[in-house]
Amino acid sequence: MNKSKHRKQIMSQPVRIIEKKPIPTHALMLYGLPDVGLVGLIATSYIISELDLDEIAYVDSDLLPPVVVLHEGLPHAPLRIYGGKSIIAAISEMAIPAAGIHSVMRKLTEWAQSKKVKMVLSIGGMPLENRQDIKEPKVFCAASNRDLLDLLDKKGLNILKEGYMVGPQALTMRYCAERKLSAIAFLAQSFYNYPDPEAAAAAINEVAKIAELKIDVSKLLEKGEEIRLRARDIMKRTQRELTHMKKSQEYDLPLYV
Amino acid sequence: MSDYVEDFKTWAEEIIESATNQRPSWDIESCSLEPLCNIFITTKEVVVTADLPYAEPKMVRVEAIGENMIEIEAKMKRKVHFDDFGITHRKGEFSSLLCQPRIPVPVKPEQMKISFKHGILEIRLPRKKGYEIKVE
């Protein structure tokens, strides 16, 4: 069988979410998947750690590489879902292959709706060429419906009015809008291909305004250099997948006459 | 036809992957970690950037190696061990960040300008110009 046929066959295979513990209903769901500057992954991992959330489910699919992550000697799926109280959070400790991103995001959104999630909050970065010249990254938001845009406006958050979104956040917005599931994407100005803990901290501060959470980001900022050093490998792999997703299209000017 | 193009793309990607990604991002022998590094080519210059956590400007050394390669080395403020990453099945200590990015177009290395902001090293190398062709 040639590789294209094999790829098409794989793409039709399902994504499964295996639940390990009871899943909270009517919760807020955070997405922190590898993207520019690893903003979403760093921010969501920090929130998980600060809120002491438990691993409640994981994603399994032949679309994902045959990888397990060992923590304290025990195997974990790289794409996991944490939960507790009224928050659910999905993170991935590996770059999601471009070929599988549609199926994974579609399944996550379908699953979120089946759990009667109140709102999806997707955290990511917005690449900025001169990021090193900026001390405090701004965060821009996009919403899946008009009411949410009004809410963002009321809370004083910056709205991303025009532009392209590419990758996990783009699909989150598309599939949530299709299913009429409320979703907000938080995009912090960040480095394209360097891990950006400061952008992650800025994103957390904005997420907290909507999620009504109290998260102190000072520890995250203190650990910034350590995170940048540790995140080199996943950043490099993420960068490769983002290239396949044509992520650089986010720099393009949209045409809508 | 598109299947063949796809197969060719996959094959090319596999070759690039095997050539660039089969080595770890650390080197025990030189006690160094490989920093993330990127190269942008503009019409006038080549801009090389590198993310150098735990480094300070005075600890960074940039050297041209021939005409199409530069070496970036930065001593880190603290030594890092595999243990620090939670890895106990390997032994090693790292004291610097080291990489040798290849410059893809001709440049004037003697005119390079270096800055270090926010932990990011930025090296600007003016491009060598060819000769001008007059428009008739």
# chains A, B, ... in the order shown; residues from 1 in each chain; ligands from 1
call {"tool": "interface_residues", "arguments": {"of": "chain A", "to": "chain B", "cutoff": "10 Å", "atoms": "only C-alpha atoms", "output": "PDB file with C-alpha atoms, in the first residue's frame"}}
result
ATOM      1  CA  ASN A   2       1.404   3.418  -0.859  1.00  0.00           C
ATOM      2  CA  LYS A   3       1.922   5.955   1.903  1.00  0.00           C
ATOM      3  CA  SER A   4      -0.878   8.308   0.812  1.00  0.00           C
ATOM      4  CA  LYS A   5      -3.467   5.521   0.958  1.00  0.00           C
ATOM      5  CA  ARG A   7      -2.321   8.032   5.563  1.00  0.00           C
ATOM      6  CA  HIS A  71       6.326  10.376  35.416  1.00  0.00           C
ATOM      7  CA  GLU A  72       7.514   8.967  38.748  1.00  0.00           C
ATOM      8  CA  ARG A 131       8.796  39.984  20.913  1.00  0.00           C
ATOM      9  CA  GLN A 132      12.172  40.505  22.636  1.00  0.00           C
ATOM     10  CA  ASP A 133      11.533  44.270  22.625  1.00  0.00           C
ATOM     11  CA  ILE A 134       8.272  43.913  24.561  1.00  0.00           C
ATOM     12  CA  LYS A 135       8.248  43.704  28.355  1.00  0.00           C
ATOM     13  CA  ASN A 193       9.540  29.354  18.151  1.00  0.00           C
ATOM     14  CA  TYR A 194      10.944  29.957  21.615  1.00  0.00           C
ATOM     15  CA  PRO A 195       9.108  28.868  24.782  1.00  0.00           C
ATOM     16  CA  GLY A 224      10.978  31.127  33.428  1.00  0.00           C
ATOM     17  CA  GLU A 225      14.586  30.265  32.576  1.00  0.00           C
ATOM     18  CA  GLU A 226      14.222  26.691  33.774  1.00  0.00           C
ATOM     19  CA  ILE A 227      11.087  26.247  31.652  1.00  0.00           C
ATOM     20  CA  ARG A 228      12.815  27.676  28.573  1.00  0.00           C
ATOM     21  CA  LEU A 229      15.663  25.223  29.019  1.00  0.00           C
ATOM     22  CA  ARG A 230      13.415  22.203  29.589  1.00  0.00           C
ATOM     23  CA  ALA A 231      11.018  23.033  26.767  1.00  0.00           C
ATOM     24  CA  ARG A 232      13.616  23.130  23.965  1.00  0.00           C
ATOM     25  CA  ASP A 233      12.861  19.683  22.567  1.00  0.00           C
ATOM     26  CA  MET A 235       9.359  23.453  21.073  1.00  0.00           C
ATOM     27  CA  LYS A 236      11.501  22.129  18.239  1.00  0.00           C
ATOM     28  CA  ARG A 237       9.037  19.345  17.418  1.00  0.00           C
ATOM     29  CA  ARG A 240       7.988  21.371  12.742  1.00  0.00           C
TER      30      ARG A 240
END
call {"tool": "select_by_dssp", "arguments": {"residues": "segment 18-242 of chain A", "states": "strand (DSSP E or B)", "output": "JSON, numbers by chain"}}
result
{"A": [18, 19, 28, 29, 30, 31, 32, 54, 55, 56, 57, 58, 59, 60, 61, 69, 70, 71, 74, 75, 76, 79, 80, 81, 82, 83, 84, 87, 88, 89, 90, 91, 92, 119, 120, 121, 122, 123, 124, 125, 126, 127, 139, 140, 141, 142, 143, 158, 159, 183, 184, 185, 186, 187, 188, 189, 190]}
call {"tool": "residues_around", "arguments": {"residues": "Glu29 of chain B", "least_positions_apart": "6", "cutoff": "10 Å", "atoms": "only C-alpha atoms", "output": "PyMOL selection string"}}
result
chain B and resi 92-94
call {"tool": "write_last_selection", "arguments": {"atoms": "C-alpha atoms", "output": "PDB file, in the first residue's frame"}}
result
ATOM      1  CA  GLY B  92      25.911  14.421  32.886  1.00  0.00           C
ATOM      2  CA  GLU B  93      26.586  18.007  33.790  1.00  0.00           C
ATOM      3  CA  PHE B  94      26.058  20.957  31.466  1.00  0.00           C
TER       4      PHE B  94
END
call {"tool": "select_by_dssp", "arguments": {"residues": "segment 98-159 of chain A", "states": "alpha helix (DSSP H)", "output": "PyMOL selection string"}}
result
chain A and resi 101-114+146-154
call {"tool": "atom_distance", "arguments": {"atom1": "atom CA of Lys85 of chain A", "atom2": "atom CA of Ala200 of chain A"}}
result
22.6 Å
call {"tool": "atom_distance", "arguments": {"atom1": "atom CA of Ala177 of chain A", "atom2": "atom CA of Asn145 of chain A"}}
result
7.1 Å
call {"tool": "residues_around", "arguments": {"residues": "Glu222 of chain A", "least_positions_apart": "6", "cutoff": "12 Å", "atoms": "only C-alpha atoms", "output": "ChimeraX atom specification"}}
result
/A:197-198,201,216,228
call {"tool": "residues_around", "arguments": {"residues": "segment 58-65 of chain A", "least_positions_apart": "6", "cutoff": "10 Å", "atoms": "only C-alpha atoms", "output": "number ranges by chain"}}
result
A: 7, 10-20, 76-82, 90-92, 94-101, 103-104, 107-108
call {"tool": "residues_around", "arguments": {"residues": "Ala74 of chain B", "least_positions_apart": "4", "cutoff": "9 Å", "atoms": "only C-alpha atoms", "output": "PDB file with N, CA and C atoms, in the first residue's frame"}}
result
ATOM      1  N   LEU B  52      18.751  31.891  24.926  1.00  0.00           N
ATOM      2  CA  LEU B  52      19.851  31.513  25.823  1.00  0.00           C
ATOM      3  C   LEU B  52      19.456  31.675  27.295  1.00  0.00           C
ATOM      4  N   TYR B  54      19.522  31.278  31.273  1.00  0.00           N
ATOM      5  CA  TYR B  54      20.631  31.216  32.242  1.00  0.00           C
ATOM      6  C   TYR B  54      21.921  31.855  31.726  1.00  0.00           C
ATOM      7  N   ALA B  55      21.821  32.682  30.667  1.00  0.00           N
ATOM      8  CA  ALA B  55      23.032  33.340  30.156  1.00  0.00           C
ATOM      9  C   ALA B  55      22.918  34.844  30.363  1.00  0.00           C
ATOM     10  N   GLU B  56      24.060  35.509  30.428  1.00  0.00           N
ATOM     11  CA  GLU B  56      24.108  36.966  30.513  1.00  0.00           C
ATOM     12  C   GLU B  56      24.993  37.463  29.374  1.00  0.00           C
ATOM     13  N   PRO B  57      24.821  38.749  28.979  1.00  0.00           N
ATOM     14  CA  PRO B  57      25.565  39.238  27.802  1.00  0.00           C
ATOM     15  C   PRO B  57      27.072  38.958  27.872  1.00  0.00           C
ATOM     16  N   LYS B  58      27.669  39.188  29.051  1.00  0.00           N
ATOM     17  CA  LYS B  58      29.138  39.033  29.133  1.00  0.00           C
ATOM     18  C   LYS B  58      29.572  37.554  29.041  1.00  0.00           C
ATOM     19  N   MET B  59      28.624  36.656  29.143  1.00  0.00           N
ATOM     20  CA  MET B  59      28.974  35.229  29.098  1.00  0.00           C
ATOM     21  C   MET B  59      28.771  34.642  27.702  1.00  0.00           C
ATOM     22  N   VAL B  60      28.445  35.503  26.730  1.00  0.00           N
ATOM     23  CA  VAL B  60      28.146  35.006  25.383  1.00  0.00           C
ATOM     24  C   VAL B  60      29.321  35.263  24.442  1.00  0.00           C
ATOM     25  N   ARG B  61      29.664  34.265  23.661  1.00  0.00           N
ATOM     26  CA  ARG B  61      30.738  34.401  22.660  1.00  0.00           C
ATOM     27  C   ARG B  61      30.171  34.024  21.291  1.00  0.00           C
ATOM     28  N   VAL B  62      30.411  34.899  20.320  1.00  0.00           N
ATOM     29  CA  VAL B  62      29.974  34.605  18.949  1.00  0.00           C
ATOM     30  C   VAL B  62      31.195  34.671  18.050  1.00  0.00           C
ATOM     31  N   SER B  95      27.303  23.005  31.396  1.00  0.00           N
ATOM     32  CA  SER B  95      27.663  24.341  31.890  1.00  0.00           C
ATOM     33  C   SER B  95      27.488  25.419  30.825  1.00  0.00           C
ATOM     34  N   SER B  96      27.210  25.007  29.585  1.00  0.00           N
ATOM     35  CA  SER B  96      27.068  26.035  28.550  1.00  0.00           C
ATOM     36  C   SER B  96      26.027  25.655  27.507  1.00  0.00           C
ATOM     37  N   LEU B  97      25.672  26.657  26.722  1.00  0.00           N
ATOM     38  CA  LEU B  97      24.782  26.460  25.573  1.00  0.00           C
ATOM     39  C   LEU B  97      25.647  26.637  24.333  1.00  0.00           C
ATOM     40  N   LEU B  98      25.544  25.731  23.395  1.00  0.00           N
ATOM     41  CA  LEU B  98      26.450  25.776  22.248  1.00  0.00           C
ATOM     42  C   LEU B  98      25.729  25.351  20.974  1.00  0.00           C
TER      43      LEU B  98
END
call {"tool": "closest_residue", "arguments": {"among": "A:Ile23, A:Met119, A:Val166, A:Ala112", "to": "His244 of chain A", "atoms": "only C-alpha atoms"}}
result
A:Val166
call {"tool": "residues_around", "arguments": {"residues": "segment 186-191 of chain A", "least_positions_apart": "3", "cutoff": "10 Å", "atoms": "only C-alpha atoms", "output": "PyMOL selection string"}}
result
chain A and resi 36-40+121-132+134+136-143+157-160+165+169+183+194-204+206-207
call {"tool": "closest_residue", "arguments": {"among": "B:Ile87, B:Ile114, B:Ile103, B:Ile72", "to": "Phe40 of chain B", "atoms": "only C-alpha atoms"}}
result
B:Ile103
call {"tool": "closest_residue", "arguments": {"among": "A:Pro34, A:Pro66, A:Pro254, A:Gly156", "to": "Gln239 of chain A", "atoms": "only C-alpha atoms"}}
result
A:Pro34
